[in-house]
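**Q** The following block contains the structure, expressed as structure tokens.
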Amino acid sequence: MKKNPEITDATRNKLIQAFCLLFKEKPVSKITVKEITDLTGYNRSTFYQYFKDVFALLEYVEDEMIATGLQKISSIQLDAPDFNQQFVLSLSETLCEHDYYSVILLQTGAGSDFFKKIKARAMPFMMEHFQIANGNAKAVLAIEFYLTGMLTMLTHWLEKPDELTLEELSSLIHGIWCEGLLAQLKS
């Protein structure tokens with residue numbers, strides 16, 4: 001018998017939502033399959049049809065979000081004059097589309113390597129855009145600084161999205177990148 005994809009997606013999403021509720025309160029290592037299935041009303045065998053364990057569920061959520069973001073970012077023309085702003089806006093939009101998960105996954109000390117995974121997947125894209133040769137330690141550090149700062153700002157913004165619009169946030173990040181921090185503090 002063939003499964004209905006809509007039901008399959010709904011079941012997977014319920015498991016993910018229950019996991020995120022628990023992940024908001026405690027590290028992934030302390031979350032059990034039983035807790036997730038108790039919240040969803042599903043049995044353990046249903047969970048195992050979708051995920052090997054709780055860590056596999058976390059990895060699935062992280063990988064889906066990163067893949068969505070990279071797909072958006074890869075559509076940006078590398079030679080576009082506003083590449084940096086488009087890059088920030090694309091990444092921001094992806095995190096906003098998954099805002100509930102994003103806040104949880106990006107929180108410092110939440111037990112996830114999501115922050116590192118995003119940077120690791122974005123780094124080659126940035127290296128290609130700026131035509132930086134492998135082994136250029138100075139450039140790698142500069143891009144690391146940029147990505148870390150941007151992700152930290154996005155994390156803060158996701159926790160308080162009413163402070164700035166998404167466009168204002170991406171403009172601020174772009175301004176810091178292109179004009180420097182002091183220029184943004186004066187405006």
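Letters A, B, ... mark the chains of the structure tokens in the order given; residue numbers begin at 1 per chain; ligand numbers begin at 1, in order shown.
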Please list as an MDAnalysis selection string every residue within 9 Å of Leu151 in chain A, counting only C-alpha atoms and excluding residues in the same chain fewer than 6 positions away.
**A** chainID A and resid 106 115 118:119
**Q** Using only C-alpha atoms, which residues sit within 12 Å of His129 in chain A once same-chain residues fewer than 2 positions away are excluded, as a PyMOL selection string?
**A** chain A and resi 73-74+76-81+83-84+87+122-127+131-133+143
**Q** Quick check for you: according to DSSP on this backbone, which residues of chain A are classed as alpha helix (DSSP H)? Reply as a VMD selection string.
**A** chain A and resid 5 to 25 33 to 40 44 to 50 54 to 74 83 to 97 99 to 106 114 to 129 137 to 159 166 to 179 181 to 186
**Q** Please save C-alpha atoms of the selected residues as a compact mmCIF listing (two decimals), in the first residue's frame.
**A**
# COMPACT_ATOMS: atom_id res chain seq x y z
CA PRO A 5 2.58 12.11 0.91
CA GLU A 6 0.46 14.77 2.62
CA ILE A 7 -0.16 12.52 5.62
CA THR A 8 3.48 11.49 5.69
CA ASP A 9 4.60 15.15 5.69
CA ALA A 10 2.05 16.04 8.38
CA THR A 11 3.24 13.20 10.61
CA ARG A 12 6.90 14.14 10.13
CA ASN A 13 6.08 17.79 10.90
CA LYS A 14 4.24 16.86 14.10
CA LEU A 15 7.24 14.85 15.27
CA ILE A 16 9.52 17.78 14.44
CA GLN A 17 7.29 20.28 16.25
CA ALA A 18 7.18 18.09 19.37
CA PHE A 19 10.95 17.73 19.24
CA CYS A 20 11.40 21.51 18.96
CA LEU A 21 9.15 22.09 21.97
CA LEU A 22 11.37 19.78 23.99
CA PHE A 23 14.61 21.11 22.48
CA LYS A 24 13.65 24.60 23.60
CA GLU A 25 13.68 23.35 27.20
CA VAL A 33 11.68 9.24 21.66
CA LYS A 34 9.01 8.48 24.26
CA GLU A 35 8.69 12.18 25.15
CA ILE A 36 8.25 13.07 21.47
CA THR A 37 5.68 10.36 20.85
CA ASP A 38 3.79 11.23 24.04
CA LEU A 39 3.44 14.81 22.80
CA THR A 40 2.27 13.76 19.34
CA ARG A 44 7.36 4.71 18.96
CA SER A 45 7.19 2.63 15.77
CA THR A 46 5.77 5.64 13.93
CA PHE A 47 8.73 7.73 15.06
CA TYR A 48 11.16 5.08 13.82
CA GLN A 49 9.50 5.04 10.40
CA TYR A 50 10.82 8.58 9.98
CA VAL A 54 16.44 11.91 18.21
CA PHE A 55 19.82 13.02 16.83
CA ALA A 56 18.73 11.98 13.32
CA LEU A 57 15.61 14.12 13.72
CA LEU A 58 17.74 17.12 14.71
CA GLU A 59 20.05 16.53 11.77
CA TYR A 60 17.06 16.29 9.41
CA VAL A 61 15.72 19.67 10.58
CA GLU A 62 19.14 21.31 10.29
CA ASP A 63 19.88 19.84 6.87
CA GLU A 64 16.46 20.82 5.47
CA MET A 65 16.89 24.42 6.59
CA ILE A 66 20.44 24.66 5.28
CA ALA A 67 19.45 23.11 1.93
CA THR A 68 16.59 25.62 1.58
CA GLY A 69 18.92 28.52 2.37
CA LEU A 70 21.62 27.36 -0.02
CA GLN A 71 19.06 26.92 -2.77
CA LYS A 72 17.97 30.54 -2.31
CA ILE A 73 21.54 31.80 -2.07
CA SER A 74 22.67 29.87 -5.15
CA PHE A 83 25.31 40.51 -3.83
CA ASN A 84 25.94 41.03 -0.10
CA GLN A 85 22.49 42.44 0.54
CA GLN A 86 20.85 39.67 -1.50
CA PHE A 87 22.91 37.07 0.38
CA VAL A 88 21.78 38.42 3.76
CA LEU A 89 18.17 38.76 2.62
CA SER A 90 18.09 35.20 1.24
CA LEU A 91 19.53 33.72 4.41
CA SER A 92 17.23 35.87 6.55
CA GLU A 93 14.15 34.84 4.56
CA THR A 94 15.03 31.17 4.99
CA LEU A 95 15.41 31.57 8.75
CA CYS A 96 12.14 33.53 8.88
CA GLU A 97 10.27 30.86 6.96
CA ASP A 99 11.46 31.07 12.46
CA TYR A 100 10.36 28.79 15.28
CA TYR A 101 12.99 26.20 14.42
CA SER A 102 15.62 28.82 13.63
CA VAL A 103 15.45 30.49 17.03
CA ILE A 104 15.81 27.15 18.77
CA LEU A 105 18.60 25.85 16.53
CA LEU A 106 20.64 29.06 16.63
CA PHE A 114 23.66 24.27 13.46
CA PHE A 115 25.65 27.51 13.61
CA LYS A 116 28.81 25.67 12.56
CA LYS A 117 26.99 23.73 9.84
CA ILE A 118 25.62 26.89 8.25
CA LYS A 119 29.07 28.47 8.20
CA ALA A 120 30.71 25.33 6.84
CA ARG A 121 28.21 25.12 3.98
CA ALA A 122 28.25 28.88 3.24
CA MET A 123 32.04 29.26 3.32
CA PRO A 124 32.72 27.59 -0.09
CA PHE A 125 30.01 29.73 -1.67
CA MET A 126 31.58 32.91 -0.27
CA MET A 127 35.07 31.77 -1.31
CA GLU A 128 33.82 31.26 -4.86
CA HIS A 129 31.99 34.59 -4.94
CA ALA A 137 43.96 32.23 5.88
CA LYS A 138 43.29 35.96 6.12
CA ALA A 139 40.29 35.75 3.77
CA VAL A 140 38.92 32.68 5.54
CA LEU A 141 39.08 34.50 8.88
CA ALA A 142 37.38 37.59 7.40
CA ILE A 143 34.53 35.50 5.97
CA GLU A 144 34.27 33.57 9.25
CA PHE A 145 33.96 36.91 11.07
CA TYR A 146 31.27 38.09 8.63
CA LEU A 147 29.22 34.88 8.79
CA THR A 148 29.47 34.65 12.59
CA GLY A 149 28.42 38.27 13.03
CA MET A 150 25.56 37.94 10.55
CA LEU A 151 24.24 34.76 12.17
CA THR A 152 24.49 36.32 15.63
CA MET A 153 22.52 39.35 14.44
CA LEU A 154 19.93 37.11 12.78
CA THR A 155 19.58 35.08 15.97
CA HIS A 156 18.99 38.22 18.02
CA TRP A 157 16.54 39.54 15.43
CA LEU A 158 14.56 36.27 15.35
CA GLU A 159 14.06 36.59 19.10
CA LEU A 166 13.72 42.14 7.60
CA GLU A 167 14.75 44.72 5.01
CA GLU A 168 16.15 47.03 7.72
CA LEU A 169 18.09 44.13 9.21
CA SER A 170 19.56 43.05 5.87
CA SER A 171 20.41 46.67 5.08
CA LEU A 172 22.18 47.02 8.46
CA ILE A 173 24.22 43.85 7.94
CA HIS A 174 25.03 44.93 4.38
CA GLY A 175 26.04 48.39 5.65
CA ILE A 176 28.35 46.94 8.28
CA TRP A 177 29.91 44.70 5.65
CA CYS A 178 30.37 47.41 3.01
CA GLU A 179 30.78 50.64 4.98
CA LEU A 181 30.53 49.39 11.87
CA LEU A 182 31.21 53.03 12.72
CA ALA A 183 29.23 54.26 9.71
CA GLN A 184 26.21 52.28 10.89
CA LEU A 185 26.49 53.57 14.46
CA LYS A 186 26.33 57.16 13.17
**Q** For Val28 in chain A, which residue out of A:Gly135, A:Thr165, A:Asp82, A:Asp113 is the nearest one, using only C-alpha atoms?
**A**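 Counting only C-alpha atoms, the residue closest to Val28 in chain A is A:Asp113.
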**Q** What does the distance between CA of Asn134 in chain A and CA of Ser75 in chain A come to in Å, to one decimal place?
**A** 23.3 Å
**Q** Could you work out how far CA of Thr32 in chain A lies from CA of Lys52 in chain A, giving the answer in Å with one decimal?
**A**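 Going from CA of Lys52 in chain A over to CA of Thr32 in chain A covers 12.2 Å.
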